[in-house]
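Below is the file upload_27.tsv, which contains TSV, C-alpha atoms and all ligand atoms.
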chain	number	residue	atom	x	y	z
A	100	MET	CA	113.28	105.03	100.33
A	101	LYS	CA	111.67	101.63	99.99
A	102	PRO	CA	109.03	101.39	97.25
A	103	VAL	CA	105.49	100.74	98.41
A	104	LEU	CA	102.99	98.48	96.67
A	105	MET	CA	99.32	98.91	97.57
A	106	GLY	CA	96.50	96.41	97.15
A	107	PRO	CA	95.32	93.03	98.41
A	108	SER	CA	97.43	89.87	98.04
A	109	TYR	CA	94.48	87.99	96.54
A	110	SER	CA	94.48	90.29	93.49
A	111	VAL	CA	95.93	88.94	90.25
A	112	TYR	CA	97.36	92.33	89.34
A	113	VAL	CA	98.86	93.01	92.75
A	114	ARG	CA	100.52	89.60	92.58
A	115	ILE	CA	102.02	90.41	89.16
A	116	ALA	CA	103.76	93.42	90.69
A	117	ARG	CA	104.85	91.42	93.75
A	118	LEU	CA	106.35	88.72	91.55
A	119	ALA	CA	108.38	91.31	89.64
A	120	LEU	CA	109.58	92.98	92.85
A	121	ILE	CA	110.57	89.67	94.45
A	122	GLU	CA	112.23	88.25	91.33
A	123	LYS	CA	114.21	91.51	91.03
A	124	GLY	CA	115.23	91.24	94.68
A	125	VAL	CA	113.68	94.59	95.66
A	126	ASP	CA	112.98	95.32	99.32
A	127	TYR	CA	109.49	96.86	99.35
A	128	ASP	CA	106.62	97.59	101.69
A	129	HIS	CA	103.17	96.21	101.00
A	130	THR	CA	100.01	97.99	102.12
A	131	GLU	CA	97.03	95.66	102.01
A	132	PHE	CA	93.33	96.55	101.88
A	133	ASP	CA	90.19	94.99	100.46
A	134	VAL	CA	89.47	96.55	97.07
A	135	PHE	CA	85.93	95.12	97.13
A	136	ASP	CA	85.11	96.92	100.38
A	137	ARG	CA	85.12	100.63	99.69
A	138	SER	CA	85.18	101.45	103.39
A	139	ASP	CA	88.60	99.76	103.51
A	140	TRP	CA	90.14	101.89	100.75
A	141	PRO	CA	92.90	104.35	101.71
A	142	ALA	CA	91.35	107.85	101.77
A	143	ASP	CA	93.39	108.99	98.75
A	144	TRP	CA	92.80	105.84	96.68
A	145	LEU	CA	91.15	107.54	93.70
A	146	GLU	CA	94.04	110.01	93.54
A	147	ARG	CA	96.43	107.06	93.33
A	148	GLN	CA	94.27	104.89	91.04
A	149	PRO	CA	91.50	106.93	89.35
A	150	PHE	CA	89.65	103.77	88.22
A	151	GLY	CA	89.40	102.40	91.76
A	152	LEU	CA	91.36	99.28	90.85
A	153	VAL	CA	94.50	97.75	92.35
A	154	PRO	CA	97.47	97.90	92.50
A	155	ALA	CA	99.15	101.26	92.92
A	156	PHE	CA	102.81	101.85	93.60
A	157	GLU	CA	105.07	104.64	94.90
A	158	HIS	CA	108.83	105.06	94.92
A	159	ASP	CA	110.68	108.24	95.94
A	160	GLY	CA	107.52	110.28	95.37
A	161	PHE	CA	106.91	108.74	91.94
A	162	ARG	CA	103.38	107.32	91.80
A	163	LEU	CA	102.33	104.70	89.31
A	164	TYR	CA	99.39	102.41	88.56
A	165	GLU	CA	98.81	99.65	85.94
A	166	ALA	CA	100.67	96.45	86.76
A	167	ARG	CA	102.59	96.25	83.51
A	168	ALA	CA	103.88	99.81	83.99
A	169	ILE	CA	104.92	98.87	87.52
A	170	THR	CA	106.83	95.76	86.37
A	171	ARG	CA	108.46	97.87	83.62
A	172	TYR	CA	109.55	100.42	86.22
A	173	VAL	CA	110.86	97.68	88.53
A	174	GLU	CA	113.00	96.37	85.69
A	175	GLU	CA	114.52	99.77	84.91
A	176	ALA	CA	114.80	101.35	88.34
A	177	PHE	CA	116.41	98.60	90.41
A	178	GLU	CA	119.52	96.44	90.26
A	179	GLY	CA	118.93	92.71	90.14
A	180	PRO	CA	118.38	89.80	87.79
A	181	PRO	CA	116.94	90.99	84.45
A	182	LEU	CA	113.20	90.54	84.03
A	183	GLU	CA	113.35	91.26	80.31
A	184	PRO	CA	115.24	89.55	77.51
A	185	SER	CA	117.72	91.67	75.54
A	186	ARG	CA	117.10	90.37	72.01
A	187	ALA	CA	114.59	92.43	70.04
A	188	THR	CA	112.59	89.37	69.00
A	189	GLU	CA	112.23	88.04	72.56
A	190	LEU	CA	111.45	91.50	73.93
A	191	ALA	CA	108.69	91.88	71.38
A	192	ARG	CA	107.35	88.41	72.23
A	193	MET	CA	107.30	89.33	75.91
A	194	GLU	CA	105.17	92.41	75.16
A	195	GLN	CA	102.95	90.32	72.88
A	196	VAL	CA	102.35	87.74	75.61
A	197	ILE	CA	101.54	90.46	78.16
A	198	SER	CA	99.06	92.03	75.72
A	199	VAL	CA	97.38	88.69	75.06
A	200	LEU	CA	97.10	88.01	78.79
A	201	ASP	CA	95.64	91.44	79.60
A	202	GLY	CA	93.49	91.83	76.52
A	203	GLN	CA	92.23	88.30	75.90
A	204	ALA	CA	92.90	86.02	78.86
A	205	TYR	CA	92.19	87.84	82.13
A	206	ARG	CA	88.43	88.25	81.75
A	207	PRO	CA	87.51	84.70	80.66
A	208	MET	CA	90.18	82.89	82.73
A	209	VAL	CA	89.81	84.82	85.96
A	210	ARG	CA	86.66	86.92	86.00
A	211	ALA	CA	84.50	84.19	84.45
A	212	VAL	CA	85.96	80.70	84.99
A	213	PHE	CA	87.77	81.26	88.28
A	214	VAL	CA	85.24	83.53	89.96
A	215	GLN	CA	82.25	81.40	88.98
A	216	THR	CA	83.88	78.07	89.91
A	217	LEU	CA	84.84	79.59	93.24
A	218	GLU	CA	81.20	80.54	93.81
A	219	ARG	CA	80.26	76.97	92.80
A	220	ALA	CA	82.84	75.51	95.24
A	221	ARG	CA	81.41	77.76	97.96
A	222	LYS	CA	77.95	76.37	97.19
A	223	LEU	CA	76.70	79.85	96.28
A	224	ASP	CA	74.67	80.84	93.26
A	225	TYR	CA	76.98	80.82	90.28
A	226	ASP	CA	76.66	81.63	86.61
A	227	ALA	CA	77.12	78.35	84.70
A	228	GLU	CA	76.46	80.17	81.44
A	229	ALA	CA	79.35	82.56	82.07
A	230	ILE	CA	81.67	79.55	82.46
A	231	ALA	CA	80.31	77.89	79.31
A	232	GLU	CA	80.71	81.13	77.33
A	233	ALA	CA	84.25	81.68	78.61
A	234	LEU	CA	85.67	78.22	77.95
A	235	PRO	CA	86.05	78.53	74.15
A	236	LYS	CA	87.79	81.88	74.76
A	237	THR	CA	90.16	80.42	77.33
A	238	ALA	CA	90.88	77.49	74.99
A	239	ARG	CA	91.85	79.99	72.29
A	240	CYS	CA	94.10	81.85	74.74
A	241	LEU	CA	95.85	78.68	75.87
A	242	ALA	CA	96.40	77.59	72.27
A	243	ALA	CA	97.88	81.00	71.41
A	244	LEU	CA	100.11	81.02	74.48
A	245	ALA	CA	101.26	77.43	73.83
A	246	GLU	CA	102.19	78.47	70.31
A	247	LEU	CA	104.14	81.48	71.59
A	248	LEU	CA	105.87	79.38	74.26
A	249	GLY	CA	106.94	76.70	71.78
A	250	ASP	CA	109.87	74.77	73.19
A	251	GLN	CA	111.26	77.69	75.24
A	252	THR	CA	111.56	77.28	79.01
A	253	TYR	CA	109.78	80.55	79.78
A	254	LEU	CA	107.27	82.64	77.88
A	255	ALA	CA	109.85	85.05	76.45
A	256	GLY	CA	112.88	82.80	76.17
A	257	ALA	CA	115.33	81.04	78.46
A	258	ALA	CA	114.78	83.18	81.57
A	259	PHE	CA	111.82	84.19	83.75
A	260	SER	CA	110.50	87.53	82.50
A	261	ARG	CA	107.72	90.07	83.03
A	262	ALA	CA	105.58	87.88	80.75
A	263	ASP	CA	105.79	84.97	83.22
A	264	ALA	CA	104.99	87.33	86.10
A	265	GLN	CA	101.91	88.50	84.19
A	266	ALA	CA	100.81	84.94	83.40
A	267	VAL	CA	101.35	83.12	86.70
A	268	PRO	CA	98.53	84.68	88.78
A	269	MET	CA	96.01	84.25	85.95
A	270	PHE	CA	96.99	80.62	85.42
A	271	GLN	CA	96.98	79.79	89.11
A	272	TYR	CA	93.39	80.98	89.50
A	273	PHE	CA	92.30	79.40	86.21
A	274	LEU	CA	93.73	76.06	87.37
A	275	PHE	CA	91.56	76.24	90.49
A	276	ALA	CA	88.81	75.10	88.11
A	277	GLU	CA	88.78	71.52	86.91
A	278	GLU	CA	87.83	72.92	83.50
A	279	GLY	CA	91.07	74.93	83.56
A	280	GLN	CA	93.15	71.87	84.43
A	281	GLN	CA	91.56	69.95	81.57
A	282	GLN	CA	92.37	72.70	79.09
A	283	LEU	CA	95.97	72.87	80.28
A	284	GLN	CA	96.38	69.13	79.70
A	285	ALA	CA	95.82	69.72	75.97
A	286	HIS	CA	99.15	71.62	75.87
A	287	PRO	CA	102.10	69.60	77.22
A	288	ASN	CA	104.51	72.52	76.73
A	289	LEU	CA	102.32	74.84	78.84
A	290	GLU	CA	102.01	72.10	81.47
A	291	ARG	CA	105.79	71.80	81.56
A	292	TRP	CA	106.06	75.61	81.86
A	293	TRP	CA	103.50	75.63	84.70
A	294	THR	CA	105.40	72.90	86.61
A	295	GLN	CA	108.57	74.92	86.24
A	296	VAL	CA	107.23	78.35	87.23
A	297	SER	CA	104.98	77.14	90.01
A	298	ALA	CA	108.02	75.68	91.83
A	299	ARG	CA	109.67	79.12	92.10
A	300	SER	CA	109.83	80.53	95.60
A	301	SER	CA	108.41	83.90	94.43
A	302	VAL	CA	105.37	82.08	93.08
A	303	GLN	CA	104.90	79.94	96.18
A	304	SER	CA	105.37	82.80	98.64
A	305	THR	CA	102.84	85.06	96.88
A	306	TYR	CA	99.96	82.60	96.50
A	307	THR	CA	96.85	83.31	98.53
A	308	PRO	CA	94.62	80.24	98.11
A	309	PRO	CA	90.95	81.17	97.89
A	310	ALA	CA	89.01	80.27	101.01
A	311	VAL	CA	86.51	77.46	100.45
A	312	PRO	CA	84.58	76.41	103.53
B	401	LIG	N1	94.89	97.08	84.05
B	401	LIG	C1	94.91	97.09	85.50
B	401	LIG	C2	93.94	96.02	85.98
B	401	LIG	C3	93.76	96.05	87.47
B	401	LIG	C4	92.58	95.18	87.93
B	401	LIG	O1	91.68	94.81	87.16
B	401	LIG	N2	92.57	94.90	89.24
B	401	LIG	C5	91.47	94.16	89.83
B	401	LIG	C6	91.97	93.12	90.85
B	401	LIG	S1	92.97	91.89	90.13
B	401	LIG	C7	90.60	95.10	90.63
B	401	LIG	O2	91.07	96.10	91.14
B	401	LIG	N3	89.31	94.79	90.74
B	401	LIG	C8	88.41	95.55	91.53
B	401	LIG	C9	87.11	95.79	90.84
B	401	LIG	O3	86.92	95.30	89.71
B	401	LIG	O4	86.28	96.48	91.45
B	401	LIG	C10	96.34	96.84	85.98
B	401	LIG	O5	97.15	96.29	85.22
B	401	LIG	O6	96.70	97.23	87.11
Show me, as structure tokens, the structure contained in the file I just sent.
Ligand SMILES: N[C@@H](CCC(=O)N[C@@H](CS)C(=O)NCC(=O)O)C(=O)O
Amino acid sequence: MKPVLMGPSYSVYVRIARLALIEKGVDYDHTEFDVFDRSDWPADWLERQPFGLVPAFEHDGFRLYEARAITRYVEEAFEGPPLEPSRATELARMEQVISVLDGQAYRPMVRAVFVQTLERARKLDYDAEAIAEALPKTARCLAALAELLGDQTYLAGAAFSRADAQAVPMFQYFLFAEEGQQQLQAHPNLERWWTQVSARSSVQSTYTPPAVP
């Protein structure tokens, strides 16, 4: 049976899972709904994802939530190009990068800078203080990620990995903000990485640009 991924395309975490599935070459079904509109949720959503977040995933009756668990499963359960390095040092780096992205980067880069600059672009009330508070945190994240990237092509070595899948959606939204673009410019190796990953067809085919009237 085809695996099924559930959740809206605009979601960072849904996109992480989509990137892994596409890069692995997995044929999957995608069920979309608006996570911010509870009336749009599938009736059993809290059974699939008890925190009411997205995404959730199912394959052959096996249900899973948490994007990094889904990308881990995709790597192990399907044939296709490896999404993880084999050397212990690179594997550990990949996990480290994913932890930094989830634990340190997502909230300031996406929930603060991206969401508030989107509100600003839409000429709605936005929280300028939230952006100002987040920018030192995002600067620290970019510096740490630039250090971990070093002169490698991808975040965990020579090949695209689950770490790049985790990073791409967060970076793409962060770079929607001019402030994000400015911070990226301080790290030529991260800029080079972004140019490289953003040209991939998986990245281009999964991007949902935010609507700005
Ligand atoms: N740790 C979770 C995070 C999932 C998450 O935060 N998803 C966001 C969308 S990108 C969400 O569902 N937000 C809805 C909300 O906050 O109400 C994972 O890896 O799946």
What are the closest atom pairs, with distances in Å to one decimal, for each residue of chain A lying within 7 Å of ligand LIG 401 (chain B), using all atoms listed in the file, rows by chain and rising residue number, as JSON lines?
{"residue": "A:Ser110", "atom": "CA", "partner": "B:LIG401", "partner_atom": "S1", "distance": 4.0}
{"residue": "A:Val111", "atom": "CA", "partner": "B:LIG401", "partner_atom": "S1", "distance": 4.2}
{"residue": "A:Tyr112", "atom": "CA", "partner": "B:LIG401", "partner_atom": "S1", "distance": 4.5}
{"residue": "A:Val113", "atom": "CA", "partner": "B:LIG401", "partner_atom": "S1", "distance": 6.5}
{"residue": "A:Val134", "atom": "CA", "partner": "B:LIG401", "partner_atom": "C8", "distance": 5.7}
{"residue": "A:Phe135", "atom": "CA", "partner": "B:LIG401", "partner_atom": "O4", "distance": 5.9}
{"residue": "A:Gly151", "atom": "CA", "partner": "B:LIG401", "partner_atom": "O2", "distance": 6.5}
{"residue": "A:Leu152", "atom": "CA", "partner": "B:LIG401", "partner_atom": "O2", "distance": 3.2}
{"residue": "A:Val153", "atom": "CA", "partner": "B:LIG401", "partner_atom": "O2", "distance": 4.0}
{"residue": "A:Pro154", "atom": "CA", "partner": "B:LIG401", "partner_atom": "O6", "distance": 5.5}
{"residue": "A:Tyr164", "atom": "CA", "partner": "B:LIG401", "partner_atom": "O6", "distance": 6.0}
{"residue": "A:Glu165", "atom": "CA", "partner": "B:LIG401", "partner_atom": "O6", "distance": 3.4}
{"residue": "A:Ala166", "atom": "CA", "partner": "B:LIG401", "partner_atom": "O5", "distance": 3.8}
{"residue": "A:Arg167", "atom": "CA", "partner": "B:LIG401", "partner_atom": "O5", "distance": 5.7}
Closest of A:Glu228, A:Asp263, A:Glu183, A:Glu146 to Leu118 (chain A) - atom-to-atom distances counting only C-alpha atoms: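 Closest to Leu118 (chain A) of all the choices is A:Asp263.
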For Val173 (chain A): contacts at 12 Å, all atoms listed in the file, fewer than 6 positions along chain excluded, given as a ChimeraX atom specification: /A:102-104,115-127,156-158,163,166-167,179-183,260-261
Nearest-residue call for Val196 (chain A), choices A:Ala155, A:Ala255, A:Met105, A:Ala238, using all atoms listed in the file: A:Ala255
Gap from CA of Leu234 (chain A) to CA of Val311 (chain A) - Å, one decimal: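 These atoms are spaced 22.5 Å apart.
Restricting the calculation to all atoms listed in the file, the smallest distance between Ala233 (chain A) and any of A:Tyr253, A:Tyr205, A:Tyr109, A:Tyr272 is found for A:Tyr205.
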Centre and edge lengths of an axis-aligned box around all listed atoms of region 251-261 of chain A, with 6 Å added on each side, are to be given in Å to one decimal, as JSON.
{"center_x": 111.3, "center_y": 83.7, "center_z": 79.5, "size_x": 20.1, "size_y": 24.8, "size_z": 20.5}
Nearest to Glu194 (chain A) by atom-to-atom distance, counting all atoms listed in the file, from A:Arg114, A:Gln281, A:Leu254, A:Pro107: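 Among the listed residues, the smallest separation from Glu194 (chain A) belongs to A:Leu254.
Taking CA of Ala187 (chain A) and CA of Val199 (chain A) as endpoints, the distance between them is 18.3 Å.
Nearest residue to Ala242 (chain A), choosing from A:Leu283, A:Ile169, A:Met208, A:Leu274 and counting only C-alpha atoms: A:Leu283.
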